[in-house]
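Engineer: Just so it is clear, I am handing over final-v9.pdb, which has PDB, C-alpha atoms (C1' of nucleotides).
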```pdb
ATOM      1  CA  MET J 219     -33.739 -41.843 -44.699
ATOM      2  CA  SER J 220     -33.861 -41.380 -48.435
ATOM      3  CA  ALA J 221     -36.673 -38.846 -48.188
ATOM      4  CA  ARG J 222     -38.373 -37.739 -51.360
ATOM      5  CA  ASN J 223     -36.498 -34.431 -51.351
ATOM      6  CA  ALA J 224     -33.087 -36.048 -50.993
ATOM      7  CA  LEU J 225     -30.405 -34.885 -53.382
ATOM      8  CA  THR J 226     -27.606 -36.716 -55.118
ATOM      9  CA  ILE J 227     -24.230 -35.039 -54.958
ATOM     10  CA  GLY J 228     -24.574 -33.907 -58.543
ATOM     11  CA  ARG J 229     -27.936 -32.248 -57.971
ATOM     12  CA  LEU J 230     -26.749 -30.702 -54.737
ATOM     13  CA  ALA J 231     -23.708 -29.264 -56.469
ATOM     14  CA  ALA J 232     -25.812 -27.893 -59.308
ATOM     15  CA  ALA J 233     -28.365 -26.445 -56.895
ATOM     16  CA  ALA J 234     -25.690 -24.616 -54.926
ATOM     17  CA  GLY J 235     -23.698 -23.647 -57.968
ATOM     18  CA  VAL J 236     -20.469 -25.421 -57.161
ATOM     19  CA  ASN J 237     -18.460 -28.173 -58.775
ATOM     20  CA  LEU J 238     -19.318 -31.723 -57.771
ATOM     21  CA  GLU J 239     -15.716 -32.501 -56.924
ATOM     22  CA  THR J 240     -15.641 -29.463 -54.713
ATOM     23  CA  VAL J 241     -18.432 -30.903 -52.597
ATOM     24  CA  ARG J 242     -16.443 -34.052 -51.982
ATOM     25  CA  TYR J 243     -13.450 -31.885 -51.203
ATOM     26  CA  TYR J 244     -15.451 -29.891 -48.657
ATOM     27  CA  GLU J 245     -16.521 -33.134 -47.033
ATOM     28  CA  ARG J 246     -12.915 -34.354 -46.896
ATOM     29  CA  ILE J 247     -11.761 -31.235 -45.119
ATOM     30  CA  GLY J 248     -14.745 -31.246 -42.780
ATOM     31  CA  LEU J 249     -16.473 -28.161 -44.119
ATOM     32  CA  MET J 250     -19.500 -30.146 -45.209
ATOM     33  CA  PRO J 251     -20.797 -32.969 -42.996
ATOM     34  CA  ALA J 252     -20.758 -36.510 -44.311
ATOM     35  CA  PRO J 253     -24.289 -37.203 -45.546
ATOM     36  CA  ASP J 254     -26.327 -40.380 -45.432
ATOM     37  CA  ARG J 255     -25.645 -42.956 -48.081
ATOM     38  CA  THR J 256     -27.889 -45.039 -50.278
ATOM     39  CA  GLU J 257     -27.627 -48.807 -50.073
ATOM     40  CA  GLY J 258     -25.224 -48.668 -52.966
ATOM     41  CA  GLY J 259     -23.039 -46.123 -51.233
ATOM     42  CA  HIS J 260     -24.077 -42.951 -53.045
ATOM     43  CA  ARG J 261     -24.324 -39.757 -51.012
ATOM     44  CA  SER J 262     -27.824 -38.606 -50.165
ATOM     45  CA  TYR J 263     -28.256 -34.983 -49.139
ATOM     46  CA  ALA J 264     -31.009 -33.189 -47.242
ATOM     47  CA  PRO J 265     -32.127 -29.575 -47.808
ATOM     48  CA  GLU J 266     -29.958 -28.356 -44.911
ATOM     49  CA  HIS J 267     -26.934 -29.458 -46.850
ATOM     50  CA  ARG J 268     -28.042 -27.370 -49.756
ATOM     51  CA  ALA J 269     -28.421 -24.291 -47.556
ATOM     52  CA  ARG J 270     -25.014 -24.828 -46.018
ATOM     53  CA  LEU J 271     -23.310 -25.328 -49.351
ATOM     54  CA  THR J 272     -24.965 -22.227 -50.760
ATOM     55  CA  PHE J 273     -23.773 -20.279 -47.744
ATOM     56  CA  ILE J 274     -20.248 -21.484 -48.396
ATOM     57  CA  ARG J 275     -20.405 -20.598 -52.052
ATOM     58  CA  ARG J 276     -21.639 -17.085 -51.371
ATOM     59  CA  ALA J 277     -18.990 -16.564 -48.719
ATOM     60  CA  ARG J 278     -16.322 -17.755 -51.167
ATOM     61  CA  GLU J 279     -17.665 -15.324 -53.749
ATOM     62  CA  LEU J 280     -17.180 -12.585 -51.183
ATOM     63  CA  GLY J 281     -13.599 -13.712 -50.811
ATOM     64  CA  PHE J 282     -13.712 -15.368 -47.396
ATOM     65  CA  SER J 283     -11.187 -18.146 -46.873
ATOM     66  CA  LEU J 284     -12.432 -21.615 -46.006
ATOM     67  CA  ASP J 285     -11.179 -21.121 -42.468
ATOM     68  CA  GLU J 286     -13.104 -17.889 -42.120
ATOM     69  CA  ILE J 287     -16.142 -19.654 -43.508
ATOM     70  CA  ARG J 288     -15.722 -22.391 -40.941
ATOM     71  CA  ALA J 289     -15.867 -19.729 -38.249
ATOM     72  CA  LEU J 290     -18.819 -17.977 -39.854
ATOM     73  CA  LEU J 291     -20.752 -21.220 -40.089
ATOM     74  CA  ALA J 292     -20.175 -21.873 -36.419
ATOM     75  CA  LEU J 293     -21.504 -18.393 -35.668
ATOM     76  CA  ALA J 294     -24.420 -18.701 -38.031
ATOM     77  CA  GLN J 295     -26.458 -20.961 -35.782
ATOM     78  CA  PRO J 296     -30.000 -19.650 -35.591
ATOM     79  CA  GLY J 297     -30.886 -18.083 -32.255
ATOM     80  CA  ARG J 298     -27.591 -16.338 -31.655
ATOM     81  CA  ARG J 299     -28.410 -12.980 -30.285
ATOM     82  CA  SER J 300     -25.656 -10.645 -31.343
ATOM     83  CA  CYS J 301     -23.364 -10.605 -34.304
ATOM     84  CA  SER J 302     -20.278  -8.917 -32.960
ATOM     85  CA  GLU J 303     -18.041 -11.893 -33.715
ATOM     86  CA  VAL J 304     -19.347 -12.179 -37.236
ATOM     87  CA  LYS J 305     -18.888  -8.470 -37.621
ATOM     88  CA  ALA J 306     -15.271  -8.777 -36.480
ATOM     89  CA  ILE J 307     -14.501 -11.428 -39.087
ATOM     90  CA  ALA J 308     -16.258  -9.531 -41.826
ATOM     91  CA  SER J 309     -14.604  -6.239 -40.900
ATOM     92  CA  ALA J 310     -11.161  -7.798 -40.909
ATOM     93  CA  HIS J 311     -11.883  -9.322 -44.283
ATOM     94  CA  LEU J 312     -13.168  -6.007 -45.559
ATOM     95  CA  GLN J 313      -9.941  -4.358 -44.532
ATOM     96  CA  ASP J 314      -7.990  -7.054 -46.380
ATOM     97  CA  ILE J 315     -10.004  -6.389 -49.494
ATOM     98  CA  ARG J 316      -9.508  -2.648 -49.266
ATOM     99  CA  ALA J 317      -5.772  -3.147 -48.817
ATOM    100  CA  LYS J 318      -5.691  -5.395 -51.839
ATOM    101  CA  ILE J 319      -7.562  -2.814 -53.870
ATOM    102  CA  ALA J 320      -5.065  -0.165 -52.836
ATOM    103  CA  ASP J 321      -2.168  -2.437 -53.809
ATOM    104  CA  LEU J 322      -3.645  -3.244 -57.175
ATOM    105  CA  SER J 323      -4.428   0.386 -57.857
ATOM    106  CA  ARG J 324      -0.812   1.289 -57.296
ATOM    107  CA  LEU J 325       0.284  -1.495 -59.646
ATOM    108  CA  ALA J 326      -2.205  -0.362 -62.233
ATOM    109  CA  ASP J 327      -0.866   3.176 -62.052
ATOM    110  CA  VAL J 328       2.725   2.072 -62.536
ATOM    111  CA  LEU J 329       1.839  -0.208 -65.405
ATOM    112  CA  ASP J 330      -0.437   2.291 -67.033
ATOM    113  CA  GLU J 331       2.294   4.910 -66.939
ATOM    114  CA  ALA J 332       4.799   2.543 -68.520
ATOM    115  CA  VAL J 333       2.423   1.219 -71.150
ATOM    116  CA  ARG J 334       1.343   4.690 -72.167
ATOM    117  CA  ARG J 335       4.958   5.711 -72.557
ATOM    118  CA  CYS J 336       5.347   2.822 -74.990
ATOM    119  CA  GLY J 337       3.181   4.862 -77.331
ATOM    120  CA  ASP J 338       2.760   3.066 -80.617
ATOM    121  CA  GLY J 339       5.646   0.732 -79.984
ATOM    122  CA  ASP J 340       8.336   2.768 -81.676
ATOM    123  CA  VAL J 341      10.178   3.696 -78.524
ATOM    124  CA  PRO J 342      13.726   2.376 -78.706
ATOM    125  CA  ASP J 343      14.185   1.517 -75.029
ATOM    126  CA  CYS J 344      10.968  -0.143 -73.873
ATOM    127  CA  PRO J 345       9.591   1.756 -70.858
ATOM    128  CA  VAL J 346       7.984  -1.361 -69.403
ATOM    129  CA  ILE J 347      11.258  -3.259 -69.444
ATOM    130  CA  HIS J 348      12.858  -0.143 -68.056
ATOM    131  CA  VAL J 349      10.528  -0.154 -65.075
ATOM    132  CA  LEU J 350      11.121  -3.831 -64.460
ATOM    133  CA  ALA J 351      14.870  -3.574 -64.733
ATOM    134  CA  GLY J 352      14.565  -1.101 -61.906
ATOM    135  CA  VAL J 353      16.846   1.632 -63.175
TER
ATOM    136  CA  MET O 670      35.233 -18.587 -62.588
ATOM    137  CA  SER O 671      34.871 -17.554 -59.006
ATOM    138  CA  ALA O 672      35.453 -13.884 -59.745
ATOM    139  CA  ARG O 673      35.907 -11.498 -56.850
ATOM    140  CA  ASN O 674      32.383 -10.161 -57.277
ATOM    141  CA  ALA O 675      30.768 -13.600 -57.210
ATOM    142  CA  LEU O 676      27.772 -14.072 -54.936
ATOM    143  CA  THR O 677      26.609 -16.965 -52.841
ATOM    144  CA  ILE O 678      22.961 -17.867 -53.167
ATOM    145  CA  GLY O 679      22.237 -16.262 -49.828
ATOM    146  CA  ARG O 680      23.826 -12.952 -50.782
ATOM    147  CA  LEU O 681      22.186 -13.007 -54.176
ATOM    148  CA  ALA O 682      18.800 -13.594 -52.602
ATOM    149  CA  ALA O 683      19.326 -10.802 -50.102
ATOM    150  CA  ALA O 684      20.578  -8.434 -52.795
ATOM    151  CA  ALA O 685      17.523  -9.040 -54.951
ATOM    152  CA  GLY O 686      15.136  -9.140 -52.022
ATOM    153  CA  VAL O 687      13.806 -12.648 -52.448
ATOM    154  CA  ASN O 688      13.838 -15.774 -50.348
ATOM    155  CA  LEU O 689      16.819 -18.073 -50.777
ATOM    156  CA  GLU O 690      14.618 -21.082 -51.361
ATOM    157  CA  THR O 691      12.813 -19.148 -54.041
ATOM    158  CA  VAL O 692      16.061 -18.780 -55.979
ATOM    159  CA  ARG O 693      16.541 -22.534 -55.998
ATOM    160  CA  TYR O 694      12.921 -22.893 -57.017
ATOM    161  CA  TYR O 695      13.419 -20.495 -59.932
ATOM    162  CA  GLU O 696      16.405 -22.505 -61.029
ATOM    163  CA  ARG O 697      14.418 -25.746 -60.834
ATOM    164  CA  ILE O 698      11.698 -24.375 -63.086
ATOM    165  CA  GLY O 699      14.192 -22.829 -65.472
ATOM    166  CA  LEU O 700      13.471 -19.195 -64.723
ATOM    167  CA  MET O 701      16.973 -18.606 -63.404
ATOM    168  CA  PRO O 702      19.916 -20.248 -65.197
ATOM    169  CA  ALA O 703      22.031 -22.772 -63.314
ATOM    170  CA  PRO O 704      25.080 -20.878 -62.092
ATOM    171  CA  ASP O 705      28.688 -21.987 -61.755
ATOM    172  CA  ARG O 706      29.590 -23.997 -58.698
ATOM    173  CA  THR O 707      32.458 -23.829 -56.262
ATOM    174  CA  GLU O 708      34.662 -26.863 -55.818
ATOM    175  CA  GLY O 709      32.475 -27.877 -52.927
ATOM    176  CA  GLY O 710      29.313 -27.596 -54.983
ATOM    177  CA  HIS O 711      27.981 -24.254 -53.763
ATOM    178  CA  ARG O 712      26.303 -21.980 -56.294
ATOM    179  CA  SER O 713      28.343 -19.001 -57.427
ATOM    180  CA  TYR O 714      26.478 -16.124 -59.030
ATOM    181  CA  ALA O 715      27.638 -13.323 -61.294
ATOM    182  CA  PRO O 716      26.169  -9.791 -61.384
ATOM    183  CA  GLU O 717      23.946 -10.664 -64.369
ATOM    184  CA  HIS O 718      22.148 -13.136 -62.164
ATOM    185  CA  ARG O 719      21.478 -10.404 -59.680
ATOM    186  CA  ALA O 720      20.002  -8.170 -62.381
ATOM    187  CA  ARG O 721      17.830 -10.964 -63.688
ATOM    188  CA  LEU O 722      16.565 -11.924 -60.263
ATOM    189  CA  THR O 723      15.781  -8.315 -59.438
ATOM    190  CA  PHE O 724      13.877  -8.041 -62.688
ATOM    191  CA  ILE O 725      11.859 -11.096 -61.743
ATOM    192  CA  ARG O 726      11.133  -9.785 -58.273
ATOM    193  CA  ARG O 727       9.921  -6.436 -59.563
ATOM    194  CA  ALA O 728       7.754  -8.099 -62.175
ATOM    195  CA  ARG O 729       6.262 -10.324 -59.470
ATOM    196  CA  GLU O 730       5.570  -7.266 -57.369
ATOM    197  CA  LEU O 731       3.678  -5.881 -60.325
ATOM    198  CA  GLY O 732       1.646  -9.062 -60.369
ATOM    199  CA  PHE O 733       3.029 -10.735 -63.476
ATOM    200  CA  SER O 734       2.871 -14.522 -63.459
ATOM    201  CA  LEU O 735       6.067 -16.504 -63.793
ATOM    202  CA  ASP O 736       5.051 -17.447 -67.316
ATOM    203  CA  GLU O 737       4.537 -13.817 -68.237
ATOM    204  CA  ILE O 738       7.906 -13.032 -66.706
ATOM    205  CA  ARG O 739       9.493 -15.755 -68.779
ATOM    206  CA  ALA O 740       8.131 -14.034 -71.868
ATOM    207  CA  LEU O 741       9.191 -10.592 -70.676
ATOM    208  CA  LEU O 742      12.695 -11.809 -69.980
ATOM    209  CA  ALA O 743      12.939 -13.207 -73.481
ATOM    210  CA  LEU O 744      11.816  -9.837 -74.840
ATOM    211  CA  ALA O 745      14.106  -7.864 -72.574
ATOM    212  CA  GLN O 746      17.243  -8.628 -74.524
ATOM    213  CA  PRO O 747      19.183  -5.423 -75.082
ATOM    214  CA  GLY O 748      19.124  -4.181 -78.657
ATOM    215  CA  ARG O 749      15.501  -5.035 -79.380
ATOM    216  CA  ARG O 750      14.116  -2.141 -81.284
ATOM    217  CA  SER O 751      10.433  -1.970 -80.500
ATOM    218  CA  CYS O 752       8.409  -2.970 -77.508
ATOM    219  CA  SER O 753       5.067  -3.844 -79.016
ATOM    220  CA  GLU O 754       5.168  -7.399 -77.691
ATOM    221  CA  VAL O 755       6.097  -6.253 -74.218
ATOM    222  CA  LYS O 756       3.367  -3.679 -74.414
ATOM    223  CA  ALA O 757       0.864  -6.375 -75.345
ATOM    224  CA  ILE O 758       1.742  -8.481 -72.322
ATOM    225  CA  ALA O 759       1.702  -5.521 -69.994
ATOM    226  CA  SER O 760      -1.580  -4.210 -71.377
ATOM    227  CA  ALA O 761      -3.265  -7.572 -70.979
ATOM    228  CA  HIS O 762      -1.992  -7.752 -67.432
ATOM    229  CA  LEU O 763      -3.173  -4.234 -66.757
ATOM    230  CA  GLN O 764      -6.646  -5.214 -67.873
ATOM    231  CA  ASP O 765      -6.549  -8.197 -65.517
ATOM    232  CA  ILE O 766      -5.619  -5.935 -62.662
ATOM    233  CA  ARG O 767      -8.365  -3.462 -63.444
ATOM    234  CA  ALA O 768     -10.891  -6.286 -63.607
ATOM    235  CA  LYS O 769      -9.699  -7.587 -60.260
ATOM    236  CA  ILE O 770     -10.023  -4.123 -58.757
ATOM    237  CA  ALA O 771     -13.572  -3.877 -60.047
ATOM    238  CA  ASP O 772     -14.405  -7.299 -58.572
ATOM    239  CA  LEU O 773     -12.953  -6.447 -55.222
ATOM    240  CA  SER O 774     -14.691  -3.098 -55.147
ATOM    241  CA  ARG O 775     -18.024  -4.795 -55.604
ATOM    242  CA  LEU O 776     -17.228  -7.238 -52.791
ATOM    243  CA  ALA O 777     -16.156  -4.388 -50.567
ATOM    244  CA  ASP O 778     -19.425  -2.581 -51.195
ATOM    245  CA  VAL O 779     -21.521  -5.614 -50.317
ATOM    246  CA  LEU O 780     -19.522  -6.331 -47.189
ATOM    247  CA  ASP O 781     -19.429  -2.721 -46.111
ATOM    248  CA  GLU O 782     -23.196  -2.492 -46.428
ATOM    249  CA  ALA O 783     -23.705  -5.592 -44.307
ATOM    250  CA  VAL O 784     -21.129  -4.677 -41.689
ATOM    251  CA  ARG O 785     -22.546  -1.194 -41.285
ATOM    252  CA  ARG O 786     -25.995  -2.636 -40.784
ATOM    253  CA  CYS O 787     -24.565  -4.665 -37.903
ATOM    254  CA  GLY O 788     -24.284  -1.383 -36.093
ATOM    255  CA  ASP O 789     -22.979  -1.940 -32.592
ATOM    256  CA  GLY O 790     -23.667  -5.654 -32.658
ATOM    257  CA  ASP O 791     -27.103  -5.557 -31.084
ATOM    258  CA  VAL O 792     -28.998  -6.513 -34.192
ATOM    259  CA  PRO O 793     -30.877  -9.748 -33.560
ATOM    260  CA  ASP O 794     -30.555 -11.264 -37.040
ATOM    261  CA  CYS O 795     -26.983 -10.662 -38.151
ATOM    262  CA  PRO O 796     -26.996  -8.851 -41.503
ATOM    263  CA  VAL O 797     -23.722 -10.426 -42.568
ATOM    264  CA  ILE O 798     -25.055 -13.920 -42.014
ATOM    265  CA  HIS O 799     -28.201 -12.811 -43.748
ATOM    266  CA  VAL O 800     -26.282 -11.826 -46.854
ATOM    267  CA  LEU O 801     -24.387 -15.093 -46.860
ATOM    268  CA  ALA O 802     -27.456 -17.221 -46.327
ATOM    269  CA  GLY O 803     -28.682 -15.623 -49.521
ATOM    270  CA  VAL O 804     -32.222 -14.818 -48.514
TER
ATOM    271  C1'  DA F1018     -32.656 -56.458 -69.505
ATOM    272  C1'  DT F1019     -29.707 -53.173 -71.013
ATOM    273  C1'  DG F1020     -27.477 -49.159 -71.681
ATOM    274  C1'  DC F1021     -25.465 -45.188 -70.083
ATOM    275  C1'  DA F1022     -25.373 -41.366 -66.952
ATOM    276  C1'  DA F1023     -24.071 -40.550 -62.588
ATOM    277  C1'  DC F1024     -21.671 -41.915 -58.839
ATOM    278  C1'  DC F1025     -17.626 -44.143 -56.005
ATOM    279  C1'  DC F1026     -12.579 -43.614 -54.317
ATOM    280  C1'  DG F1027      -7.793 -42.390 -54.225
ATOM    281  C1'  DT F1028      -4.370 -39.813 -56.130
ATOM    282  C1'  DA F1029      -1.993 -36.222 -58.631
ATOM    283  C1'  DG F1030      -1.783 -31.791 -60.606
ATOM    284  C1'  DC F1031      -2.060 -26.508 -60.638
ATOM    285  C1'  DG F1032       0.868 -21.770 -59.134
ATOM    286  C1'  DA F1033       4.243 -19.878 -56.473
ATOM    287  C1'  DC F1034       6.325 -20.670 -53.179
ATOM    288  C1'  DT F1035       7.919 -22.211 -48.103
ATOM    289  C1'  DA F1036       9.611 -25.419 -44.773
ATOM    290  C1'  DC F1037      12.036 -29.375 -43.091
ATOM    291  C1'  DG F1038      15.816 -32.464 -42.162
ATOM    292  C1'  DG F1039      20.247 -34.396 -42.262
ATOM    293  C1'  DG F1040      24.435 -33.802 -44.064
ATOM    294  C1'  DA F1041      28.420 -31.092 -46.460
ATOM    295  C1'  DT F1042      31.169 -26.890 -46.992
ATOM    296  C1'  DC F1043      32.922 -22.360 -46.130
ATOM    297  C1'  DA F1044      35.174 -18.642 -43.728
ATOM    298  C1'  DA F1045      36.641 -16.539 -39.673
ATOM    299  C1'  DG F1046      38.818 -16.747 -35.320
ATOM    300  C1'  DT F1047      42.250 -18.800 -32.157
TER
ATOM    301  C1'  DA Q 531      46.108 -26.219 -38.062
ATOM    302  C1'  DC Q 532      41.872 -26.679 -36.063
ATOM    303  C1'  DT Q 533      37.386 -25.692 -34.530
ATOM    304  C1'  DT Q 534      33.158 -23.572 -34.622
ATOM    305  C1'  DG Q 535      29.081 -21.865 -36.417
ATOM    306  C1'  DA Q 536      26.933 -19.954 -40.356
ATOM    307  C1'  DT Q 537      25.754 -21.088 -44.744
ATOM    308  C1'  DC Q 538      24.843 -24.159 -48.232
ATOM    309  C1'  DC Q 539      23.498 -28.796 -50.404
ATOM    310  C1'  DC Q 540      19.439 -31.848 -52.002
ATOM    311  C1'  DG Q 541      15.031 -34.006 -52.071
ATOM    312  C1'  DT Q 542      10.632 -34.048 -50.453
ATOM    313  C1'  DA Q 543       6.346 -32.475 -48.536
ATOM    314  C1'  DG Q 544       3.300 -28.983 -47.171
ATOM    315  C1'  DT Q 545       0.327 -24.688 -48.203
ATOM    316  C1'  DC Q 546      -4.671 -23.035 -50.475
ATOM    317  C1'  DG Q 547      -8.712 -24.201 -52.974
ATOM    318  C1'  DC Q 548      -9.784 -26.593 -55.875
ATOM    319  C1'  DT Q 549      -9.839 -29.626 -60.509
ATOM    320  C1'  DA Q 550      -8.922 -33.678 -63.185
ATOM    321  C1'  DC Q 551      -8.075 -38.474 -64.029
ATOM    322  C1'  DG Q 552      -8.985 -43.333 -64.211
ATOM    323  C1'  DG Q 553     -11.047 -47.609 -63.403
ATOM    324  C1'  DG Q 554     -14.737 -49.483 -61.296
ATOM    325  C1'  DT Q 555     -19.852 -49.556 -59.367
ATOM    326  C1'  DT Q 556     -24.703 -48.044 -58.965
ATOM    327  C1'  DG Q 557     -29.118 -45.938 -60.392
ATOM    328  C1'  DC Q 558     -32.678 -45.218 -63.358
ATOM    329  C1'  DA Q 559     -35.236 -44.978 -67.659
ATOM    330  C1'  DT Q 560     -36.484 -47.462 -71.505
TER
END
```
Please, can you express the file's structure as structure tokens?
Structural biologist:
Amino acid sequence: MSARNALTIGRLAAAAGVNLETVRYYERIGLMPAPDRTEGGHRSYAPEHRARLTFIRRARELGFSLDEIRALLALAQPGRRSCSEVKAIASAHLQDIRAKIADLSRLADVLDEAVRRCGDGDVPDCPVIHVLAGV
Amino acid sequence: MSARNALTIGRLAAAAGVNLETVRYYERIGLMPAPDRTEGGHRSYAPEHRARLTFIRRARELGFSLDEIRALLALAQPGRRSCSEVKAIASAHLQDIRAKIADLSRLADVLDEAVRRCGDGDVPDCPVIHVLAGV
DNA sequence: ATGCAACCCGTAGCGACTACGGGATCAAGT
DNA sequence: ACTTGATCCCGTAGTCGCTACGGGTTGCAT
């Protein structure tokens, strides 16, 4: 233990591009395994940890929930032949994203309409308020 | 007090289309005013409350934060002449929404790419995992 | 040897709710 | 008048994914 390529939590976090406190949080909730410790009790990470944490960060950036990531990590073992389960998770997530985009686009349309009707702000009965009041 | 058109919290919530507990929450954080009470201590709402709560719900549906809604409510007093401040809030929010749409669209593209490369699930090295592993 | 950066841990806070539990009240039916 | 069952009361804790705080310890370079 304490190999020459071991990482402190701070270096691990920086290497993976996440907050240090987030790493401890991931360990608490069981998303990251508890690493070895130095004699003084500091966490000592191996390169696998770095790969795993990077995986998590990228999955988060793609909008996967921590639970989805848990599932993906379990399916990401090397040597698995097919990826149908991974595909299912990713497809479901993709649908979520598309639905969210559709929602937001509708909101944007409504707001844009109202804001444009505000013109230069001289309208007596504010169109935005009007929309919200739900007349 | 206790007019014939008074509402219980449950009826108010149903009329405005929000959860009952949410109404109490809004009162706790000062977004809804504390209403009159019956002799037994039950909340008794007037029609203005219903209008205000509906306003809040619609604003939430349009993605405004509770803080933004607080500001909008303050600006929604009848008799205000111009709506430049409201317009500013709404425009800023609209920009947020557009940015979020752009973000999500990028995610969707990346995911769609990867999922489509999965094909029928017979690919040996799962493209989705590949993307996440960040090769 | 000393200084200070980095680490330790537990806990609390964020936003916007939602849920729970144990008791009180209300309104309708008999 | 009484009973029943729906509704309401309040405080507290849980959700998600972190982030921040504080007071103490360790690690490492000088």
Engineer: Which residues would end up in the selection if the PyMOL selection byres ((chain J) within 8 of (chain Q)) were applied here, given that I need the answer as JSON, numbers by chain?
Structural biologist: {"J": [239, 240, 243, 258, 260]}
Engineer: Show me a table, sorted first by chain and then by increasing residue number, of the residues of chain O having an atom at most 8 Å from chain J, each with its shortest atom pair and the distance in Å to one decimal, counting only C-alpha atoms and written as a tab-separated table.
Structural biologist:
```
residue	atom	partner	partner_atom	distance
O:Ala720	CA	J:Ala351	CA	7.3
O:Thr723	CA	J:Ala351	CA	7.2
O:Phe724	CA	J:Ala351	CA	5.0
O:Ile725	CA	J:Leu350	CA	7.8
O:Arg727	CA	J:Leu350	CA	5.7
O:Ala728	CA	J:Leu350	CA	5.9
O:Leu731	CA	J:Leu325	CA	5.6
O:Gly732	CA	J:Leu325	CA	7.7
O:Leu741	CA	J:Ile347	CA	7.7
O:Ala745	CA	J:Ile347	CA	6.3
O:Arg749	CA	J:Pro342	CA	7.7
O:Arg750	CA	J:Pro342	CA	5.2
O:Ser751	CA	J:Asp340	CA	5.3
O:Cys752	CA	J:Gly339	CA	5.2
O:Ser753	CA	J:Gly339	CA	4.7
O:Val755	CA	J:Val346	CA	7.1
O:Lys756	CA	J:Val333	CA	6.0
O:Ala759	CA	J:Val333	CA	6.9
O:Ser760	CA	J:Val333	CA	6.7
O:Leu763	CA	J:Ala326	CA	6.0
O:Ile766	CA	J:Leu322	CA	6.4
O:Arg767	CA	J:Ala326	CA	7.0
O:Ile770	CA	J:Ile319	CA	5.6
O:Leu773	CA	J:Ile315	CA	6.4
O:Ser774	CA	J:Ile319	CA	7.2
O:Leu776	CA	J:Leu280	CA	5.6
O:Ala777	CA	J:Leu312	CA	6.1
O:Leu780	CA	J:Leu312	CA	6.6
O:Asp781	CA	J:Leu312	CA	7.1
O:Val784	CA	J:Lys305	CA	6.0
O:Cys787	CA	J:Lys305	CA	6.8
O:Asp789	CA	J:Ser302	CA	7.5
O:Gly790	CA	J:Ser302	CA	4.7
O:Asp791	CA	J:Ser300	CA	5.3
O:Val792	CA	J:Ser300	CA	6.0
O:Pro793	CA	J:Arg299	CA	5.2
O:Asp794	CA	J:Arg299	CA	7.3
O:Cys795	CA	J:Cys301	CA	5.3
O:Val797	CA	J:Val304	CA	7.1
O:Ile798	CA	J:Ala294	CA	6.3
O:Leu801	CA	J:Phe273	CA	5.3
O:Ala802	CA	J:Phe273	CA	5.0
O:Gly803	CA	J:Phe273	CA	7.0
```
Engineer: Keeping only C-alpha atoms, write the selected residues as a short mmCIF file (atom, residue, chain, number, x, y, z; two decimals), in the coordinates of the input.
Structural biologist:
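Final file, result02.cif:
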```
data_model
loop_
_atom_site.label_atom_id
_atom_site.label_comp_id
_atom_site.auth_asym_id
_atom_site.auth_seq_id
_atom_site.Cartn_x
_atom_site.Cartn_y
_atom_site.Cartn_z
CA ALA O 720 20.00 -8.17 -62.38
CA THR O 723 15.78 -8.32 -59.44
CA PHE O 724 13.88 -8.04 -62.69
CA ILE O 725 11.86 -11.10 -61.74
CA ARG O 727 9.92 -6.44 -59.56
CA ALA O 728 7.75 -8.10 -62.18
CA LEU O 731 3.68 -5.88 -60.32
CA GLY O 732 1.65 -9.06 -60.37
CA LEU O 741 9.19 -10.59 -70.68
CA ALA O 745 14.11 -7.86 -72.57
CA ARG O 749 15.50 -5.04 -79.38
CA ARG O 750 14.12 -2.14 -81.28
CA SER O 751 10.43 -1.97 -80.50
CA CYS O 752 8.41 -2.97 -77.51
CA SER O 753 5.07 -3.84 -79.02
CA VAL O 755 6.10 -6.25 -74.22
CA LYS O 756 3.37 -3.68 -74.41
CA ALA O 759 1.70 -5.52 -69.99
CA SER O 760 -1.58 -4.21 -71.38
CA LEU O 763 -3.17 -4.23 -66.76
CA ILE O 766 -5.62 -5.94 -62.66
CA ARG O 767 -8.36 -3.46 -63.44
CA ILE O 770 -10.02 -4.12 -58.76
CA LEU O 773 -12.95 -6.45 -55.22
CA SER O 774 -14.69 -3.10 -55.15
CA LEU O 776 -17.23 -7.24 -52.79
CA ALA O 777 -16.16 -4.39 -50.57
CA LEU O 780 -19.52 -6.33 -47.19
CA ASP O 781 -19.43 -2.72 -46.11
CA VAL O 784 -21.13 -4.68 -41.69
CA CYS O 787 -24.56 -4.66 -37.90
CA ASP O 789 -22.98 -1.94 -32.59
CA GLY O 790 -23.67 -5.65 -32.66
CA ASP O 791 -27.10 -5.56 -31.08
CA VAL O 792 -29.00 -6.51 -34.19
CA PRO O 793 -30.88 -9.75 -33.56
CA ASP O 794 -30.56 -11.26 -37.04
CA CYS O 795 -26.98 -10.66 -38.15
CA VAL O 797 -23.72 -10.43 -42.57
CA ILE O 798 -25.06 -13.92 -42.01
CA LEU O 801 -24.39 -15.09 -46.86
CA ALA O 802 -27.46 -17.22 -46.33
CA GLY O 803 -28.68 -15.62 -49.52
#
```
Engineer: Using only C-alpha atoms (C1' of nucleotides), determine which residues of chain F fall within 9 Å of chain O; present them as a list in words.
Structural biologist: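 On the chain F side, the interface is DG1032, DA1033, DC1034, DT1035, DA1041, DT1042 and DC1043 of chain F.
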Engineer: For a test of reading the model, state the distance in Å between CA of Val692 (chain O) and CA of Pro716 (chain O), rounded to one decimal.
Structural biologist: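 If I compute the distance from CA of Val692 (chain O) to CA of Pro716 (chain O), I get 14.6 Å.
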Engineer: First superpose chain J onto chain O using a least-squares fit over all Cα atoms taken in order; then report the RMSD in Å.
Structural biologist: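 Here the RMSD amounts to 0.2 Å.
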Engineer: Quick one: pull the distance between CA of Arg680 (chain O) and C1' of DT1047 (chain F), Å, one decimal.
Structural biologist: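 Going from CA of Arg680 (chain O) over to C1' of DT1047 (chain F), I get 26.8 Å.
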